[in-house]
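A.B. asks: I'm passing along structure-v3.txt; it holds compact mmCIF, C-alpha atoms.
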```
# COMPACT_ATOMS: atom_id res chain seq x y z
CA MET A 90 0.00 0.00 0.00
CA ALA A 91 2.83 2.37 0.85
CA GLU A 92 4.53 1.55 -2.45
CA VAL A 93 1.36 2.39 -4.37
CA ASN A 94 1.02 5.70 -2.55
CA SER A 95 4.67 6.54 -3.24
CA ASP A 96 4.22 5.73 -6.93
CA GLN A 97 1.15 7.93 -7.13
CA SER A 98 2.93 10.81 -5.41
CA SER A 99 5.90 10.50 -7.79
CA ASP A 100 3.50 10.47 -10.76
CA GLN A 101 1.80 13.60 -9.48
CA GLU A 102 5.15 15.34 -9.15
CA ALA A 103 6.13 14.32 -12.68
CA PHE A 104 2.78 15.27 -14.23
CA PRO A 105 1.29 18.06 -12.06
CA LEU A 106 -1.19 19.24 -14.66
CA MET A 107 -2.34 15.75 -15.63
CA SER A 108 -2.79 14.75 -11.98
CA SER A 109 -5.05 17.73 -11.36
CA VAL A 110 -7.26 17.51 -14.45
CA CYS A 111 -7.03 13.92 -15.81
CA SER A 112 -8.71 10.83 -14.52
CA GLU A 113 -6.81 8.06 -12.75
CA ALA A 114 -7.02 5.72 -15.75
CA ALA A 115 -5.68 8.30 -18.21
CA ARG A 116 -2.84 9.17 -15.87
CA GLU A 117 -1.87 5.51 -15.40
CA GLU A 118 -1.99 4.93 -19.16
CA LEU A 119 0.30 7.90 -19.80
CA VAL A 120 2.72 6.79 -17.09
CA ASN A 121 2.87 3.28 -18.50
CA GLU A 122 3.61 4.56 -22.01
CA CYS A 123 6.37 6.81 -20.67
CA GLU A 124 7.92 3.92 -18.76
CA GLU A 125 7.86 1.79 -21.91
CA GLN A 126 9.58 4.49 -23.89
CA PHE A 127 12.23 5.00 -21.19
CA ALA A 128 12.82 1.23 -21.05
CA GLN A 129 13.27 1.13 -24.81
CA LEU A 130 15.72 4.05 -24.64
CA GLU A 131 17.75 2.32 -21.96
CA LYS A 132 17.86 -0.87 -24.03
CA LEU A 133 19.04 1.02 -27.11
CA GLN A 134 21.64 2.89 -25.09
CA ASN A 135 23.04 -0.35 -23.67
CA GLU A 136 23.24 -1.87 -27.14
CA ILE A 137 25.09 1.19 -28.45
CA ILE A 138 27.58 1.01 -25.59
CA LEU A 139 28.25 -2.70 -26.22
CA CYS A 140 28.68 -2.16 -29.96
CA GLU A 141 31.20 0.67 -29.60
CA PRO A 142 34.73 -0.29 -30.63
CA GLU A 143 37.69 0.21 -28.33
CA ASN A 144 39.56 2.42 -30.83
CA PRO A 145 38.55 6.08 -30.15
CA GLN A 146 39.00 7.11 -33.78
CA GLU A 147 36.74 4.29 -35.03
CA GLN A 148 34.29 5.12 -32.26
CA SER A 149 34.06 8.74 -33.42
CA VAL A 150 33.56 7.71 -37.05
CA ASN A 151 30.85 5.22 -36.11
CA ARG A 152 29.08 7.81 -33.98
CA LEU A 153 29.12 10.28 -36.85
CA ILE A 154 27.73 7.71 -39.28
CA THR A 155 25.06 6.66 -36.81
CA THR A 156 24.05 10.24 -36.13
CA GLU A 157 23.74 11.03 -39.84
CA ALA A 158 21.63 7.92 -40.44
CA GLU A 159 19.41 8.76 -37.48
CA LEU A 160 18.97 12.32 -38.74
CA LYS A 161 17.91 11.09 -42.18
CA GLN A 162 15.47 8.65 -40.55
CA TRP A 163 13.90 11.33 -38.38
CA LEU A 164 13.54 13.62 -41.40
CA ALA A 165 11.83 10.90 -43.39
CA ILE A 166 9.33 9.60 -40.83
CA GLN A 167 6.18 11.31 -39.67
CA PRO A 168 6.02 12.19 -35.97
CA LYS A 169 3.68 10.04 -33.89
CA LEU A 170 1.78 10.91 -30.78
CA LEU A 171 3.17 9.55 -27.56
CA ALA A 172 -0.31 8.94 -26.14
CA THR A 173 -3.47 7.99 -27.97
CA ASN A 174 -5.86 8.61 -25.08
CA PRO A 175 -8.22 11.45 -26.11
CA GLU A 176 -8.41 12.73 -22.56
CA VAL A 177 -4.61 13.06 -22.30
CA LEU A 178 -4.41 14.71 -25.70
CA LEU A 179 -7.18 17.12 -24.75
CA HIS A 180 -5.49 18.26 -21.57
CA ALA A 181 -2.08 18.45 -23.25
CA GLY A 182 -3.61 20.64 -25.93
CA LYS A 183 -5.19 22.81 -23.24
CA GLN A 184 -1.81 23.18 -21.55
CA GLU A 185 -0.14 24.23 -24.80
CA MET A 186 -2.97 26.66 -25.52
CA LEU A 187 -2.64 28.23 -22.06
CA LYS A 188 1.11 28.58 -22.55
CA LEU A 189 0.58 30.11 -25.98
CA TYR A 190 -2.08 32.43 -24.54
CA SER A 191 0.34 33.65 -21.86
CA GLU A 192 3.04 34.33 -24.42
CA LEU A 193 0.58 36.18 -26.64
CA GLU A 194 -0.49 38.32 -23.68
CA MET A 195 3.15 39.29 -23.13
CA VAL A 196 3.47 40.16 -26.83
CA VAL A 197 0.30 42.29 -26.66
CA ALA A 198 1.60 44.13 -23.56
CA CYS A 199 4.90 44.86 -25.33
CA CYS A 200 3.07 46.08 -28.43
CA GLN A 201 0.83 48.35 -26.36
CA ALA A 202 3.86 49.84 -24.55
CA LYS A 203 5.57 50.40 -27.90
CA ARG A 204 2.38 51.97 -29.28
CA ASP A 205 2.13 54.39 -26.33
CA SER A 206 5.76 55.35 -26.76
CA LEU A 207 5.23 55.98 -30.46
CA ARG A 208 2.16 58.10 -29.70
CA GLU A 209 4.17 60.28 -27.30
CA THR A 210 6.90 60.64 -29.89
CA GLN A 211 4.32 61.55 -32.52
CA LYS A 212 2.83 64.25 -30.24
CA ARG A 213 6.28 65.78 -29.64
CA GLU A 214 7.12 65.69 -33.34
CA GLN A 215 3.74 67.23 -34.22
CA LYS A 216 4.27 70.04 -31.72
CA TRP A 217 7.76 70.69 -33.08
CA LEU A 218 6.38 70.69 -36.64
CA GLU A 219 3.67 73.23 -35.73
CA GLU A 220 6.24 75.53 -34.12
CA LYS A 221 8.48 75.34 -37.19
CA GLN A 222 5.53 76.05 -39.45
CA LYS A 223 4.66 79.16 -37.41
CA VAL A 224 8.27 80.36 -37.66
CA LEU A 225 8.25 79.70 -41.39
CA ILE A 226 4.99 81.64 -41.84
CA ALA A 227 6.33 84.59 -39.82
CA ALA A 228 9.59 84.63 -41.79
CA THR A 229 7.69 84.45 -45.09
CA ASP A 230 5.43 87.36 -44.07
CA HIS A 231 8.47 89.40 -43.06
CA VAL A 232 10.17 88.73 -46.40
CA GLU A 233 7.03 89.68 -48.31
CA ARG A 234 6.70 92.87 -46.31
CA LEU A 235 10.32 93.79 -47.02
CA LYS A 236 9.78 93.13 -50.72
CA MET A 237 6.75 95.41 -50.77
CA GLU A 238 8.65 98.13 -48.92
CA ARG A 239 11.55 97.83 -51.35
CA GLU A 240 9.22 98.08 -54.33
CA THR A 241 7.42 101.13 -52.96
CA LEU A 242 10.66 102.84 -51.95
CA SER A 243 11.88 104.48 -55.16
CA GLU A 244 15.29 105.87 -55.92
CA HIS A 245 14.00 109.41 -55.78
CA SER A 246 12.59 108.94 -52.31
CA VAL A 247 15.89 107.53 -51.07
CA PHE A 248 17.77 110.49 -52.53
CA GLN A 249 15.27 112.95 -51.07
CA ASP A 250 15.49 111.30 -47.65
CA THR A 251 19.30 111.47 -47.69
CA LYS A 252 19.17 115.10 -48.75
CA ASN A 253 16.79 115.95 -45.91
CA LYS A 254 19.08 114.23 -43.42
CA ILE A 255 22.06 116.21 -44.72
CA GLN A 256 20.10 119.44 -44.41
CA LYS A 257 19.14 118.61 -40.85
CA MET A 258 22.74 117.83 -39.97
CA LYS A 259 23.92 121.12 -41.50
CA HIS A 260 21.25 123.03 -39.64
CA TYR A 261 22.22 121.30 -36.41
CA GLN A 262 25.90 122.08 -37.05
CA ASP A 263 25.11 125.75 -37.68
CA ARG A 264 23.19 125.90 -34.43
CA LEU A 265 26.07 124.31 -32.55
CA MET A 266 28.60 126.69 -34.08
CA GLU A 267 26.38 129.66 -33.33
CA THR A 268 25.94 128.57 -29.74
CA LEU A 269 29.67 127.96 -29.38
CA GLY A 270 30.42 131.39 -30.85
CA ASP A 271 28.03 133.11 -28.44
CA LEU A 272 29.54 131.21 -25.52
CA LEU A 273 33.10 132.09 -26.48
CA GLU A 274 32.18 135.70 -27.19
CA ASN A 275 30.60 136.12 -23.77
CA TYR A 276 33.20 134.29 -21.67
CA PHE A 277 36.34 134.66 -23.80
CA PRO A 278 36.21 138.12 -25.42
CA LEU A 279 39.12 139.67 -27.34
CA PRO A 280 41.50 141.77 -25.27
CA GLN A 281 41.01 145.54 -25.60
CA ASN A 282 43.36 148.48 -25.27
CA GLU A 283 43.07 149.96 -21.80
CA THR A 284 43.88 153.45 -20.56
CA ASN A 285 47.43 154.51 -20.05
CA SER A 286 47.03 154.87 -16.29
CA SER A 287 45.68 151.36 -15.83
CA LYS A 288 48.36 149.91 -18.08
CA LYS A 289 51.08 151.63 -16.07
CA LYS A 290 49.65 150.25 -12.85
CA LYS A 291 49.61 146.70 -14.24
CA ASN A 292 53.04 147.01 -15.89
CA ILE A 293 51.86 145.54 -19.23
CA PRO A 294 52.65 146.74 -22.76
CA LEU A 295 50.59 149.64 -23.96
CA HIS A 296 49.88 148.27 -27.42
CA LEU A 297 47.92 145.17 -28.56
CA ASN A 298 47.75 143.82 -32.07
CA GLU A 299 44.52 144.94 -33.68
CA ASP A 300 44.49 141.86 -35.94
CA LEU A 301 43.99 139.42 -33.05
CA ILE A 302 41.47 136.70 -33.84
CA SER A 303 38.91 135.42 -31.35
CA LEU A 304 39.00 132.05 -29.62
CA ASN A 305 36.03 131.03 -31.73
CA GLU A 306 37.97 131.71 -34.92
CA ILE A 307 40.99 129.81 -33.58
CA LEU A 308 38.87 126.74 -32.86
CA GLU A 309 37.18 127.04 -36.23
CA LEU A 310 40.56 127.12 -37.99
CA LEU A 311 41.73 124.04 -36.10
CA MET A 312 38.52 122.09 -36.84
CA ASN A 313 38.49 123.01 -40.54
CA LYS A 314 42.13 122.04 -40.89
CA ALA A 315 41.53 118.65 -39.21
CA LEU A 316 38.62 117.94 -41.57
CA GLU A 317 40.15 119.24 -44.78
CA SER A 318 43.60 117.66 -44.38
CA PRO A 319 43.59 114.98 -41.69
CA HIS A 320 47.08 113.89 -42.83
CA ASP A 321 48.43 117.37 -41.94
CA PRO A 322 46.11 118.96 -39.33
CA TYR A 323 48.62 121.52 -38.03
CA VAL A 324 47.91 125.28 -38.14
CA THR A 325 50.77 127.77 -38.08
CA ILE A 326 50.34 130.39 -35.35
CA ASP A 327 51.47 134.00 -35.70
CA ASP A 328 50.85 137.37 -34.06
CA ARG A 329 47.09 137.10 -34.62
CA PHE A 330 46.85 134.24 -32.09
CA TRP A 331 46.72 135.63 -28.59
CA PRO A 332 49.19 133.62 -26.46
CA PRO A 333 46.89 133.27 -23.40
CA TYR A 334 44.28 131.61 -25.61
CA ILE A 335 46.87 129.17 -27.01
CA GLU A 336 48.15 128.40 -23.53
CA MET A 337 44.59 127.76 -22.32
CA LEU A 338 44.03 125.30 -25.18
CA PHE A 339 47.22 123.45 -24.21
CA ARG A 340 46.37 123.28 -20.52
CA ASN A 341 42.85 121.98 -21.15
CA CYS A 342 44.12 119.30 -23.59
CA ILE A 343 42.22 120.82 -26.51
CA ALA A 344 45.26 121.45 -28.71
CA VAL A 345 48.87 120.17 -28.88
CA ARG A 346 52.07 121.51 -30.39
CA HIS A 347 53.99 120.04 -33.26
CA PRO A 348 56.80 117.81 -31.89
CA GLU A 349 59.39 119.61 -34.05
CA ASN A 350 57.89 123.07 -34.64
CA ASN A 351 56.55 125.10 -31.72
CA PHE A 352 54.72 127.47 -34.07
CA LYS A 353 52.36 124.74 -35.29
CA ILE A 354 49.39 123.40 -33.34
CA ARG A 355 46.54 121.01 -33.99
CA LEU A 356 43.44 119.68 -32.26
CA GLU A 357 43.91 116.86 -29.77
CA ASN A 358 42.68 113.42 -30.85
CA PHE A 359 39.46 112.91 -28.91
CA CYS A 360 38.81 109.32 -30.12
```
Translate the structure described by the file into structure tokens.
C.D. replies:
Amino acid sequence: MAEVNSDQSSDQEAFPLMSSVCSEAAREELVNECEEQFAQLEKLQNEIILCEPENPQEQSVNRLITTEAELKQWLAIQPKLLATNPEVLLHAGKQEMLKLYSELEMVVACCQAKRDSLRETQKREQKWLEEKQKVLIAATDHVERLKMERETLSEHSVFQDTKNKIQKMKHYQDRLMETLGDLLENYFPLPQNETNSSKKKKNIPLHLNEDLISLNEILELLMNKALESPHDPYVTIDDRFWPPYIEMLFRNCIAVRHPENNFKIRLENFC
């Protein structure tokens, strides 16, 4: 009795699915067929071992020939079912179908994950495409607007606009020069001959050159010279240039002397 129970428990461990869903007769039939097949395999294995020659080289050649013959035989014959019991075949088919169903579920889950990933990628690409299209539309509109402006802007209008700008600049320059002249005339007037009594008290010469030029004229000469001949911006000074004015220009870094000729001055480089 104990041996029967141990055999049944070993059969249940070897065939867990069959023991849970098949009848006792179907399970015993399947076990008997498996034992027959195992017995036949053991018999064939023992015969092969006894037939093997002692020479290793001949043994290898015989094994190769036997394997090739067995391969040809298996390719030629039709596979047969191990069990012919319909109940066993039914439950074996169910087991294979459940295994296939599980594998297909895994494939479906992978496909769904891949589909979701592709959808997210498509959304990002669509958003990027829409942004690029907006940029392209804006750039196209800007180019069209520039073309229209260029077509409407004639050569005469460009010339007239440049002329107006030049006139404005000249008018602004005249105003600046006029303001500068008024400022210099008020704060830096030309020296005048004073009375003999005052000159004697101050111990200065009694006579001033009547051809003295104003500070405004000195600056105008220096600026015109710098613009007309930038390669030689020096102005030669003579008796018309009042020395205090020249000295003031030097001290305030407005003008500099020629390095080799003290009678030549020019405007300081303000760049």
A.B. asks: For a test of reading the model, state the distance in Å between CA of Asp271 (chain A) and CA of Arg346 (chain A), rounded to one decimal.
C.D. replies: 26.8 Å
A.B. asks: Using all atoms listed in the file, determine which residues lie at most 12 Å from Ala315 (chain A), disregarding the query and same-chain residues fewer than 3 positions distant; provide the list as number ranges by chain.
C.D. replies: A: 308-312, 318-324, 344, 354-359
A.B. asks: Could you jot down the CA of Leu153 (chain A) to CA of Ile138 (chain A) separation for me, Å, one decimal place?
C.D. replies: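 Interatomic distance, CA of Leu153 (chain A) to CA of Ile138 (chain A): 14.7 Å.
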A.B. asks: For CA of Lys188 (chain A) and CA of Glu176 (chain A), quote the distance in Å rounded to one decimal.
C.D. replies: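 If I compute the distance from CA of Lys188 (chain A) to CA of Glu176 (chain A), I get 18.5 Å.
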A.B. asks: Need to verify the contact set: Pro278 (chain A), 9 Å, only C-alpha atoms, exclusion of same-chain residues closer than 3 positions in sequence. Can you return it as a list of chain:residue names?
C.D. replies: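 Using only C-alpha atoms, the neighbours found are A:Leu273, A:Glu274, A:Asn275, A:Gln281, A:Ser303, A:Leu304.
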A.B. asks: With all atoms listed in the file counted, which protein, DNA or RNA residues have an atom no more than 10 Å from (42.3, 135.3, -34.9) in the file frame? Please answer as number ranges by chain.
C.D. replies: A: 279, 299-310, 326-331
A.B. asks: Of the candidates A:Arg204, A:His231, A:Arg213, A:His180, which one gets nearest to Leu119 (chain A) if we count all atoms listed in the file?
C.D. replies: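 Smallest distance to Leu119 (chain A) is found for A:His180.
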A.B. asks: Have a look at A:Glu113, A:Asn135, A:Tyr334, A:His260 and name the one nearest to Pro280 (chain A); count only C-alpha atoms.
C.D. replies: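 Once distances to Pro280 (chain A) are computed over only C-alpha atoms, the minimum belongs to A:Tyr334.
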